[in-house]
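Visitor: Below is the file my_file_37.cif, with mmCIF, C-alpha atoms and all ligand atoms.
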data_final
loop_
_atom_site.label_atom_id
_atom_site.label_comp_id
_atom_site.auth_asym_id
_atom_site.auth_seq_id
_atom_site.Cartn_x
_atom_site.Cartn_y
_atom_site.Cartn_z
CA VAL A 1 -8.72 -0.36 14.99
CA THR A 2 -8.74 -3.67 13.18
CA VAL A 3 -6.47 -2.41 10.47
CA LEU A 4 -4.03 -0.91 12.93
CA LEU A 5 -3.93 -4.14 14.91
CA LEU A 6 -3.15 -6.15 11.82
CA LEU A 7 -0.49 -3.72 10.81
CA ALA A 8 1.09 -4.06 14.22
CA LEU A 9 0.99 -7.85 14.08
CA ALA A 10 2.26 -8.16 10.56
CA PRO A 11 5.87 -9.29 10.56
CA VAL A 12 8.33 -7.37 8.51
CA ARG A 13 7.90 -8.82 5.08
CA SER A 14 10.03 -8.52 2.04
CA THR A 15 9.06 -5.57 -0.09
CA SER A 16 8.65 -7.70 -3.16
CA ALA A 17 5.73 -6.30 -5.06
CA LEU A 18 4.74 -5.03 -8.43
CA THR A 19 4.94 -1.25 -8.47
CA PHE A 20 3.85 1.24 -11.08
CA ASN A 21 5.26 4.47 -12.39
CA LEU A 22 2.32 6.39 -13.85
CA THR A 23 2.95 9.37 -16.13
CA ASN A 24 0.16 11.73 -17.14
CA GLY A 25 -0.63 11.95 -20.82
CA ALA A 26 -1.11 15.36 -22.41
CA GLU A 27 -4.88 15.72 -21.94
CA LEU A 28 -4.77 14.50 -18.37
CA ALA A 29 -1.91 16.84 -17.57
CA ALA A 30 -3.89 19.74 -19.03
CA LEU A 31 -6.93 18.79 -16.95
CA LYS A 32 -4.99 19.66 -13.82
CA SER A 33 -5.23 23.36 -14.57
CA THR A 34 -8.78 23.38 -15.97
CA ASN A 35 -10.57 21.04 -13.56
CA LEU A 36 -8.48 20.09 -10.56
CA THR A 37 -11.29 18.13 -8.89
CA LEU A 38 -11.81 15.86 -11.90
CA TYR A 39 -8.07 15.59 -12.46
CA THR A 40 -7.60 14.36 -8.92
CA GLN A 41 -10.40 11.81 -9.31
CA VAL A 42 -8.85 10.45 -12.50
CA ARG A 43 -5.29 10.42 -11.23
CA THR A 44 -6.29 8.82 -7.92
CA GLY A 45 -8.49 6.36 -9.80
CA PHE A 46 -5.59 5.19 -11.92
CA GLU A 47 -3.43 4.86 -8.83
CA SER A 48 -6.13 2.76 -7.15
CA ALA A 49 -6.38 0.58 -10.25
CA ALA A 50 -2.64 0.01 -10.23
CA ALA A 51 -2.83 -0.82 -6.52
CA MET A 52 -5.36 -3.56 -7.27
CA TRP A 53 -2.65 -5.37 -9.24
CA SER A 54 0.10 -4.51 -6.77
CA SER A 55 -1.93 -6.22 -4.04
CA VAL A 56 -1.99 -9.55 -5.88
CA LEU A 57 1.18 -9.64 -8.04
CA THR A 58 4.43 -9.83 -6.11
CA ASN A 59 7.13 -9.63 -8.77
CA ASN A 60 9.62 -7.03 -7.66
CA VAL A 61 9.45 -4.98 -10.84
CA THR A 62 8.31 -1.50 -11.83
CA VAL A 63 5.92 -1.08 -14.73
CA SER A 64 5.87 2.35 -16.37
CA LEU A 65 2.63 3.45 -17.98
CA THR A 66 1.34 6.61 -19.56
CA ILE A 67 -2.19 7.21 -18.35
CA ASN A 68 -4.67 9.48 -20.04
CA TYR A 69 -8.28 10.62 -19.96
CA ARG A 70 -9.73 12.01 -23.17
CA ALA A 71 -12.50 11.52 -25.70
CA LEU A 72 -12.29 8.25 -27.62
CA GLY A 73 -14.75 6.50 -29.92
CA THR A 74 -17.35 4.16 -28.50
CA SER A 75 -15.08 2.11 -26.29
CA LEU A 76 -14.80 2.72 -22.57
CA ALA A 77 -11.04 2.72 -22.73
CA GLN A 78 -8.15 1.58 -24.81
CA THR A 79 -4.62 0.38 -24.35
CA SER A 80 -1.60 0.48 -26.58
CA LEU A 81 0.64 -2.46 -25.79
CA GLU A 82 4.37 -2.25 -25.98
CA SER A 83 5.94 -5.62 -26.63
CA SER A 84 8.71 -7.49 -28.40
CA PRO A 85 9.36 -11.07 -29.46
CA VAL A 86 11.09 -13.40 -27.04
CA SER A 87 12.20 -16.89 -27.91
CA TYR A 88 9.84 -19.61 -26.71
CA THR A 89 12.81 -21.38 -25.20
CA THR A 90 13.61 -18.33 -23.09
CA PHE A 91 9.98 -17.90 -22.11
CA ARG A 92 9.77 -21.53 -21.02
CA SER A 93 13.03 -21.49 -19.11
CA LYS A 94 12.19 -18.25 -17.30
CA LEU A 95 8.91 -19.76 -16.13
CA SER A 96 10.87 -22.45 -14.35
CA LEU A 97 12.93 -20.00 -12.31
CA GLY A 98 12.28 -18.30 -9.04
CA LYS A 99 9.47 -18.42 -6.56
CA ASP A 100 6.87 -18.48 -9.28
CA ALA A 101 7.59 -22.14 -9.89
CA ASP A 102 6.19 -22.84 -6.42
CA SER A 103 2.61 -22.49 -7.50
CA LEU A 104 0.48 -25.44 -8.50
CA ILE A 105 -0.41 -23.73 -11.74
CA ASP A 106 3.23 -23.14 -12.60
CA GLN A 107 4.10 -26.73 -11.85
CA THR A 108 1.31 -27.86 -14.14
CA VAL A 109 2.42 -25.38 -16.80
CA LEU A 110 5.98 -26.63 -16.70
CA ALA A 111 4.94 -30.27 -16.73
CA ASN A 112 2.87 -29.73 -19.87
CA LEU A 113 4.65 -27.07 -21.94
CA PRO A 114 6.33 -28.69 -24.91
CA THR A 115 10.11 -28.56 -24.87
CA SER A 116 10.15 -27.86 -28.59
CA ASN A 117 8.32 -24.95 -30.18
CA PRO A 118 4.53 -25.31 -29.93
CA THR A 119 2.34 -25.67 -32.98
CA TYR A 120 -0.80 -23.57 -33.33
CA THR A 121 -3.80 -24.14 -35.57
CA VAL A 122 -4.93 -21.11 -37.62
CA ARG A 123 -7.95 -22.06 -39.73
CA ASN A 124 -8.17 -18.55 -41.25
CA SER A 125 -5.07 -19.19 -43.27
CA GLY A 126 -5.51 -22.94 -43.48
CA ALA A 127 -2.17 -23.29 -41.88
CA THR A 128 -0.44 -24.04 -38.67
CA ILE A 129 2.09 -21.79 -37.02
CA ASN A 130 5.18 -23.35 -35.57
CA SER A 131 6.54 -20.35 -33.77
CA SER A 132 9.90 -20.15 -32.08
CA MET A 133 8.87 -16.84 -30.49
CA VAL A 134 6.27 -15.34 -28.19
CA ASN A 135 5.43 -11.64 -28.41
CA ALA A 136 5.51 -10.59 -24.77
CA THR A 137 4.60 -7.19 -23.37
CA TYR A 138 7.52 -5.43 -21.75
CA ALA A 139 5.77 -5.66 -18.39
CA ASN A 140 5.42 -9.41 -18.86
CA GLN A 141 9.09 -9.62 -19.79
CA LYS A 142 9.99 -7.77 -16.61
CA ALA A 143 7.95 -10.27 -14.60
CA LEU A 144 9.83 -13.10 -16.30
CA GLY A 145 13.18 -11.54 -15.48
CA ILE A 146 14.05 -10.81 -19.07
CA ALA A 147 16.11 -7.68 -19.58
CA THR A 148 14.11 -5.48 -21.91
CA SER A 149 15.67 -3.16 -24.41
CA PRO A 150 15.48 0.55 -23.57
CA ILE A 151 11.95 1.76 -23.95
CA LEU A 152 9.97 4.80 -23.00
CA GLN A 153 6.95 3.12 -21.50
CA ASP A 154 5.48 -0.34 -20.96
CA GLY A 155 2.06 0.73 -22.14
CA PHE A 156 -0.36 3.57 -22.80
CA VAL A 157 -3.76 3.42 -21.13
CA THR A 158 -6.54 5.87 -21.94
CA VAL A 159 -10.01 6.01 -20.41
CA ASN A 160 -12.76 7.57 -22.52
CA SER A 161 -13.88 10.89 -21.03
CA ASN A 162 -17.16 10.71 -22.95
CA TYR A 163 -18.60 8.29 -20.40
CA SER A 164 -19.86 8.97 -16.90
CA PHE A 165 -17.75 7.27 -14.28
CA ASP A 166 -18.04 6.49 -10.60
CA PHE A 167 -14.63 7.07 -9.07
CA ASN A 168 -15.49 5.73 -5.61
CA ARG A 169 -15.87 1.98 -5.15
CA SER A 170 -16.40 2.10 -1.38
CA ASP A 171 -20.15 2.65 -1.73
CA GLY A 172 -20.64 0.54 -4.84
CA ILE A 173 -20.99 1.79 -8.40
CA THR A 174 -23.80 4.21 -9.10
CA THR A 175 -26.44 3.12 -11.58
CA ASN A 176 -25.76 4.54 -15.04
CA ARG A 177 -22.10 5.11 -14.25
CA TYR A 178 -19.10 2.93 -14.99
CA ASP A 179 -16.51 1.73 -12.50
CA PHE A 180 -13.54 3.96 -13.36
CA ILE A 181 -11.05 2.09 -11.20
CA GLY A 182 -12.21 -1.27 -12.53
CA VAL A 183 -12.04 -0.10 -16.14
CA ALA A 184 -8.54 1.29 -15.61
CA ALA A 185 -7.48 -1.95 -13.91
CA HIS A 186 -8.82 -3.96 -16.85
CA GLU A 187 -6.70 -1.93 -19.25
CA ILE A 188 -3.62 -2.21 -17.07
CA GLY A 189 -4.21 -5.97 -17.13
CA HIS A 190 -3.65 -5.93 -20.87
CA THR A 191 -0.29 -4.22 -20.44
CA LEU A 192 0.71 -6.92 -17.95
CA GLY A 193 0.24 -9.53 -20.66
CA PHE A 194 -3.45 -10.43 -20.98
CA CYS A 195 -3.60 -10.21 -24.78
CA SER A 196 -3.78 -12.43 -27.85
CA CYS A 197 -2.35 -12.35 -31.35
CA VAL A 198 -5.72 -13.68 -32.53
CA ASP A 199 -6.89 -10.06 -32.62
CA ALA A 200 -4.26 -9.31 -35.25
CA ILE A 201 -5.29 -12.39 -37.23
CA ASP A 202 -8.92 -11.34 -36.87
CA ALA A 203 -8.23 -7.82 -38.12
CA MET A 204 -5.99 -8.62 -41.06
CA LYS A 205 -8.13 -11.47 -42.35
CA THR A 206 -5.25 -12.86 -44.32
CA SER A 207 -2.47 -15.26 -43.77
CA GLY A 208 0.57 -13.51 -42.49
CA SER A 209 3.33 -13.60 -40.01
CA PHE A 210 1.82 -13.64 -36.55
CA THR A 211 3.74 -14.13 -33.37
CA PRO A 212 1.74 -15.78 -30.59
CA ARG A 213 1.45 -13.98 -27.28
CA PRO A 214 2.47 -15.79 -24.10
CA MET A 215 -1.23 -16.17 -23.30
CA ASP A 216 -1.75 -17.88 -26.65
CA VAL A 217 0.43 -20.76 -25.50
CA PHE A 218 -2.48 -21.66 -23.22
CA ARG A 219 -5.29 -21.16 -25.76
CA PHE A 220 -6.91 -24.44 -26.80
CA SER A 221 -9.96 -25.60 -28.74
CA SER A 222 -9.49 -29.26 -27.81
CA ALA A 223 -6.94 -31.47 -26.12
CA ASN A 224 -3.50 -30.91 -27.62
CA THR A 225 -4.80 -28.28 -30.07
CA ARG A 226 -3.50 -24.78 -29.51
CA ASP A 227 -5.86 -22.71 -31.58
CA LEU A 228 -5.29 -19.16 -32.84
CA SER A 229 -8.13 -19.13 -35.35
CA ALA A 230 -10.35 -16.08 -35.41
CA ASP A 231 -13.67 -17.89 -35.72
CA GLY A 232 -16.65 -19.07 -33.76
CA VAL A 233 -15.06 -22.24 -32.43
CA GLY A 234 -14.79 -22.14 -28.64
CA LYS A 235 -11.32 -21.52 -27.19
CA TYR A 236 -10.40 -21.95 -23.58
CA PHE A 237 -7.58 -21.42 -21.12
CA SER A 238 -5.74 -24.59 -20.15
CA VAL A 239 -2.40 -25.20 -18.47
CA ASN A 240 -2.37 -28.96 -18.99
CA GLY A 241 -2.36 -29.26 -22.74
CA GLY A 242 -6.03 -28.62 -23.28
CA ILE A 243 -7.27 -31.51 -21.18
CA GLY A 244 -8.78 -29.36 -18.45
CA ASP A 245 -8.85 -25.75 -17.40
CA ALA A 246 -6.49 -24.02 -15.01
CA ASN A 247 -8.35 -25.46 -12.05
CA GLY A 248 -7.64 -28.93 -13.33
CA GLY A 249 -11.35 -29.55 -13.62
CA ASP A 250 -14.02 -29.04 -16.20
CA ILE A 251 -13.30 -26.63 -19.00
CA ASP A 252 -15.01 -23.37 -18.17
CA MET A 253 -12.43 -20.61 -18.63
CA TRP A 254 -13.50 -19.62 -22.11
CA PHE A 255 -11.95 -16.88 -24.21
CA SER A 256 -13.62 -14.34 -26.46
CA THR A 257 -13.06 -15.41 -30.04
CA GLY A 258 -12.65 -12.24 -32.10
CA ASP A 259 -14.25 -8.90 -32.83
CA GLN A 260 -14.73 -9.49 -36.56
CA ARG A 261 -14.86 -13.23 -37.15
CA GLY A 262 -15.63 -14.60 -33.73
CA ASP A 263 -18.19 -13.81 -31.06
CA GLY A 264 -17.88 -10.05 -31.50
CA ASN A 265 -15.39 -9.44 -28.72
CA GLU A 266 -11.64 -9.08 -28.93
CA ALA A 267 -9.91 -12.39 -28.44
CA GLY A 268 -7.55 -11.07 -25.76
CA HIS A 269 -10.29 -11.40 -23.16
CA PHE A 270 -12.20 -14.05 -21.32
CA LYS A 271 -15.59 -14.75 -22.85
CA ASP A 272 -18.34 -12.31 -22.00
CA GLN A 273 -21.40 -12.89 -19.83
CA LEU A 274 -19.85 -15.74 -17.85
CA GLY A 275 -18.58 -13.63 -14.96
CA LEU A 276 -15.07 -14.99 -15.43
CA GLY A 277 -13.13 -11.97 -14.26
CA ILE A 278 -11.98 -8.41 -14.73
CA MET A 279 -10.54 -9.44 -18.10
CA ASP A 280 -14.05 -10.03 -19.48
CA PRO A 281 -14.52 -7.86 -22.57
CA THR A 282 -17.32 -5.59 -21.39
CA ALA A 283 -18.49 -3.63 -18.41
CA ALA A 284 -22.04 -2.66 -17.55
CA PRO A 285 -23.13 0.57 -15.88
CA GLY A 286 -23.45 0.03 -12.16
CA GLU A 287 -21.13 -2.97 -12.30
CA MET A 288 -18.09 -3.17 -10.06
CA LEU A 289 -15.22 -4.96 -11.81
CA SER A 290 -13.12 -7.27 -9.69
CA ILE A 291 -9.98 -9.34 -10.18
CA SER A 292 -10.92 -13.02 -10.03
CA GLU A 293 -9.01 -16.23 -9.47
CA ASN A 294 -9.41 -16.91 -13.19
CA ASP A 295 -7.62 -13.65 -13.96
CA LEU A 296 -4.86 -14.51 -11.52
CA ALA A 297 -4.51 -18.03 -12.90
CA MET A 298 -3.66 -16.55 -16.29
CA PHE A 299 -1.18 -14.05 -14.91
CA ASP A 300 0.37 -16.86 -12.89
CA ALA A 301 0.72 -19.01 -16.01
CA ILE A 302 2.47 -16.33 -18.07
CA GLY A 303 5.06 -15.55 -15.44
CA TRP A 304 3.66 -13.39 -12.67
CA ASN A 305 3.91 -14.37 -9.03
CA VAL A 306 0.44 -14.34 -7.60
CA VAL A 307 -1.15 -14.08 -4.19
CA ARG A 308 -4.57 -15.63 -3.84
CA PRO A 309 -7.06 -15.70 -1.00
CA SER A 310 -7.92 -19.35 -1.39
CA GLY A 311 -8.13 -22.27 -3.69
CA LEU A 312 -5.51 -23.02 -6.24
CA VAL A 313 -2.37 -21.98 -4.46
CA VAL A 314 -1.25 -21.72 -0.87
CA PRO A 315 0.58 -18.41 -0.60
CA GLU A 316 3.98 -18.46 0.95
CA PRO A 317 3.99 -17.35 4.59
CA SER A 318 5.78 -14.12 3.77
CA ALA A 319 2.97 -13.19 1.43
CA LEU A 320 0.15 -13.68 3.91
CA PRO A 321 0.25 -10.25 5.56
CA LEU A 322 -0.08 -8.64 2.18
CA LEU A 323 -3.00 -10.87 1.44
CA VAL A 324 -4.76 -9.96 4.68
CA LEU A 325 -4.20 -6.25 4.28
CA GLY A 326 -5.13 -6.38 0.64
CA GLY A 327 -8.39 -8.03 1.53
CA ILE A 328 -9.25 -5.26 3.91
CA LEU A 329 -8.23 -2.41 1.70
CA SER A 330 -10.14 -3.71 -1.28
CA ALA A 331 -12.83 -5.86 0.24
CA GLY A 332 -14.97 -5.95 -2.87
CA CYS A 333 -12.15 -7.19 -5.03
CA TRP A 334 -12.84 -10.88 -4.84
CA PHE A 335 -16.56 -10.99 -5.16
CA ARG A 336 -18.31 -10.12 -8.34
CA PRO A 337 -21.91 -8.99 -8.25
CA SER A 338 -24.01 -10.92 -10.69
CA ARG A 339 -24.09 -9.27 -14.06
CA GLY A 340 -27.22 -7.61 -15.27
CA ARG A 341 -27.92 -9.08 -18.67
CA SER A 342 -30.40 -6.52 -19.86
CA VAL A 343 -28.23 -3.47 -19.47
CA ARG A 344 -26.26 -2.13 -22.36
CA LYS A 345 -22.64 -3.05 -22.23
CA VAL A 346 -19.81 -1.18 -23.79
CA PRO A 347 -16.75 -3.04 -24.96
CA THR A 348 -13.46 -2.04 -23.44
CA GLU A 349 -11.83 -1.93 -26.83
CA ASP A 350 -8.12 -2.31 -26.93
CA ARG A 351 -5.77 -1.14 -29.59
CA VAL A 352 -2.86 -3.48 -29.93
ZN ZN A 401 -9.91 -5.22 -22.82
#
Could you render the structure as structure tokens?
Guide:
Amino acid sequence: VTVLLLLALAPVRSTSALTFNLTNGAELAALKSTNLTLYTQVRTGFESAAAMWSSVLTNNVTVSLTINYRALGTSLAQTSLESSPVSYTTFRSKLSLGKDADSLIDQTVLANLPTSNPTYTVRNSGATINSSMVNATYANQKALGIATSPILQDGFVTVNSNYSFDFNRSDGITTNRYDFIGVAAHEIGHTLGFCSCVDAIDAMKTSGSFTPRPMDVFRFSSANTRDLSADGVGKYFSVNGGIGDANGGDIDMWFSTGDQRGDGNEAGHFKDQLGLGIMDPTAAPGEMLSISENDLAMFDAIGWNVVRPSGLVVPEPSALPLLVLGGILSAGCWFRPSRGRSVRKVPTEDRV
């Protein structure tokens, strides 16, 4: 009754929202004929994961992903990102356009982004990068309003069928099972632009030609030091030149620092064990994964238009009905259970 009432009261709103076009990969397509029940759980799970992002990101774009469910190595899931270099100048100018510039985070971003190409410290090569480009995922480029070259897909997301998953979040996540929808949403988050070129630096272990990701523009190790080193030095998310974090307060939005040379987790994640958001690098059995304001702050900074329940940004009136309905349809989304620290965690390893 409550939902119907709210639906009736909700004014006609613009249909601006992120939508997804999900295509089954080969193994998932084959599952339809061999195990229809499991196929339906997986397919519906991916659709629910996509809907988690559609409920909070309002860019009127369609992201096309190939989804799959098959045996992988030890990771829970993996994502292949599709991206291309965009000039920093274009990236910066696109951030200043449209409704996205209404948010407090965007205003802070624009007030602090250098007008000339940023410089990045890379201690692994003893050098600094002065890059005129950012390597943006196609989905991120769509959000920015950049016309992408013809491509097949914006990303390829595969969940590892070797693990036991709970496909139903409405009654919590069963002990000893992983949150399928949350894991899929995490991987989709990478395709939307939550990724770092530090993982390439970490893997190659040599100096080379690396193009920073849009997220790397906001990766600092101290005030005024954008830092793409794959090492143990702490790196954090800041939109005001490294002075504070995206909340404008104390620095607490830390990043993982590298699978090989850092803290053991891929750098294109928040730091583990701090409960920072769905873009943390690991998931525990029994843990429900939820999109946090930290996650949304990052997507806001790199060009997505974001709806939040509270705090950093006052949503525009036209976005409020979506916010209310989204809160009802995914009530657990905003509140993370405390993480169990003794349970074994499995990295959601991402192939870039
Ligand atoms: Zn990941």
Visitor: Counting all atoms listed in the file, what are the residues, protein, DNA or RNA alike, that approach ligand ZN 401 (chain A) to within 10 Å? I want them as number ranges by chain.
Guide: A: 75-79, 183-191, 194-195, 265-270, 278-283, 347-351
Visitor: Just the number, please: distance in Å from atom CA of Phe220 of chain A to atom CA of Thr257 of chain A, one decimal.
Guide: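 Taking atom CA of Phe220 of chain A as the start and atom CA of Thr257 of chain A as the end point, the length is 11.4 Å.
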Visitor: Any idea what the distance is between atom CA of Ile129 of chain A and atom CA of Thr89 of chain A?
Guide: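 Separating atom CA of Ile129 of chain A from atom CA of Thr89 of chain A is a distance of 16.0 Å.
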Visitor: Quick one: distance from atom CA of Trp53 of chain A to atom CA of Thr37 of chain A in Å, one decimal?
Guide: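 The value is 25.0 Å.
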Visitor: In terms of the shortest atom-to-atom distance over all atoms listed in the file, which of A:Ser221, A:Ser238, A:Asn130, A:Asn24 is closest to Thr158 of chain A?
Guide: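 The closest residue to Thr158 of chain A is A:Asn24.
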Visitor: Ranking A:Thr225, A:Asn135, A:Thr121, A:Ser161 by minimum distance to Val42 of chain A and counting only C-alpha atoms, which one comes first?
Guide: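 Of the candidates, the smallest distance to Val42 of chain A is held by A:Ser161.
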Visitor: So, counting all atoms listed in the file, which residue among A:Gly73, A:Gly277, A:Gly241, A:Gly234 is closest to Ala111 of chain A?
Guide: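 Between A:Gly73, A:Gly277, A:Gly241, A:Gly234, the residue approaching Ala111 of chain A most closely is A:Gly241.
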Visitor: Could you give me, as a list in words, the residues that have an atom at most 9 Å away from the point (-16.5, -18.8, -28.8) in the coordinates of the file, using only C-alpha atoms?
Guide: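 Here the neighbourhood of the point contains Asp231, Gly232, Val233, Gly234, Lys235, Tyr236, Trp254, Phe255, Ser256, Thr257, Gly258, Gly262, Asp263 and Lys271 of chain A.
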Visitor: So which residues touch Ser132 of chain A within 9 Å, counting all atoms listed in the file, skipping near sequence neighbours fewer than 2 positions away, as a CSV table (one decimal) with C-alpha atoms, in the coordinates of the input?
Guide:
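Result saved to around.csv:
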chain,number,residue,atom,x,y,z
A,86,VAL,CA,11.1,-13.4,-27.0
A,87,SER,CA,12.2,-16.9,-27.9
A,88,TYR,CA,9.8,-19.6,-26.7
A,89,THR,CA,12.8,-21.4,-25.2
A,116,SER,CA,10.2,-27.9,-28.6
A,117,ASN,CA,8.3,-25.0,-30.2
A,118,PRO,CA,4.5,-25.3,-29.9
A,130,ASN,CA,5.2,-23.4,-35.6
A,134,VAL,CA,6.3,-15.3,-28.2
A,211,THR,CA,3.7,-14.1,-33.4
Visitor: What's the 7 Å shell around Glu287 of chain A, counting all atoms listed in the file, without same-chain residues fewer than 6 positions away, as a VMD selection string?
Guide: chain A and resid 173 178 to 179
Visitor: Residues near Thr58 of chain A, anyone? I mean within 6 Å using only C-alpha atoms, not counting same-chain ones fewer than 2 positions away, as a short mmCIF file (atom, residue, chain, number, x, y, z; two decimals) with C-alpha atoms, in the coordinates of the input.
Guide:
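Okay, this is what ended up in out.cif:
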data_model
loop_
_atom_site.label_atom_id
_atom_site.label_comp_id
_atom_site.auth_asym_id
_atom_site.auth_seq_id
_atom_site.Cartn_x
_atom_site.Cartn_y
_atom_site.Cartn_z
CA SER A 16 8.65 -7.70 -3.16
CA ALA A 17 5.73 -6.30 -5.06
CA LEU A 18 4.74 -5.03 -8.43
CA ASN A 305 3.91 -14.37 -9.03
#
Visitor: Which residue, A:Thr23, A:Asn35, A:Ser83, A:Asn240, has the smallest gap to Thr148 of chain A when you use all atoms listed in the file?
Guide: A:Ser83
Visitor: Between A:Ser33, A:Thr108, A:Thr119, A:Ser93, which is the closest to Ala297 of chain A once you count only C-alpha atoms?
Guide: A:Thr108
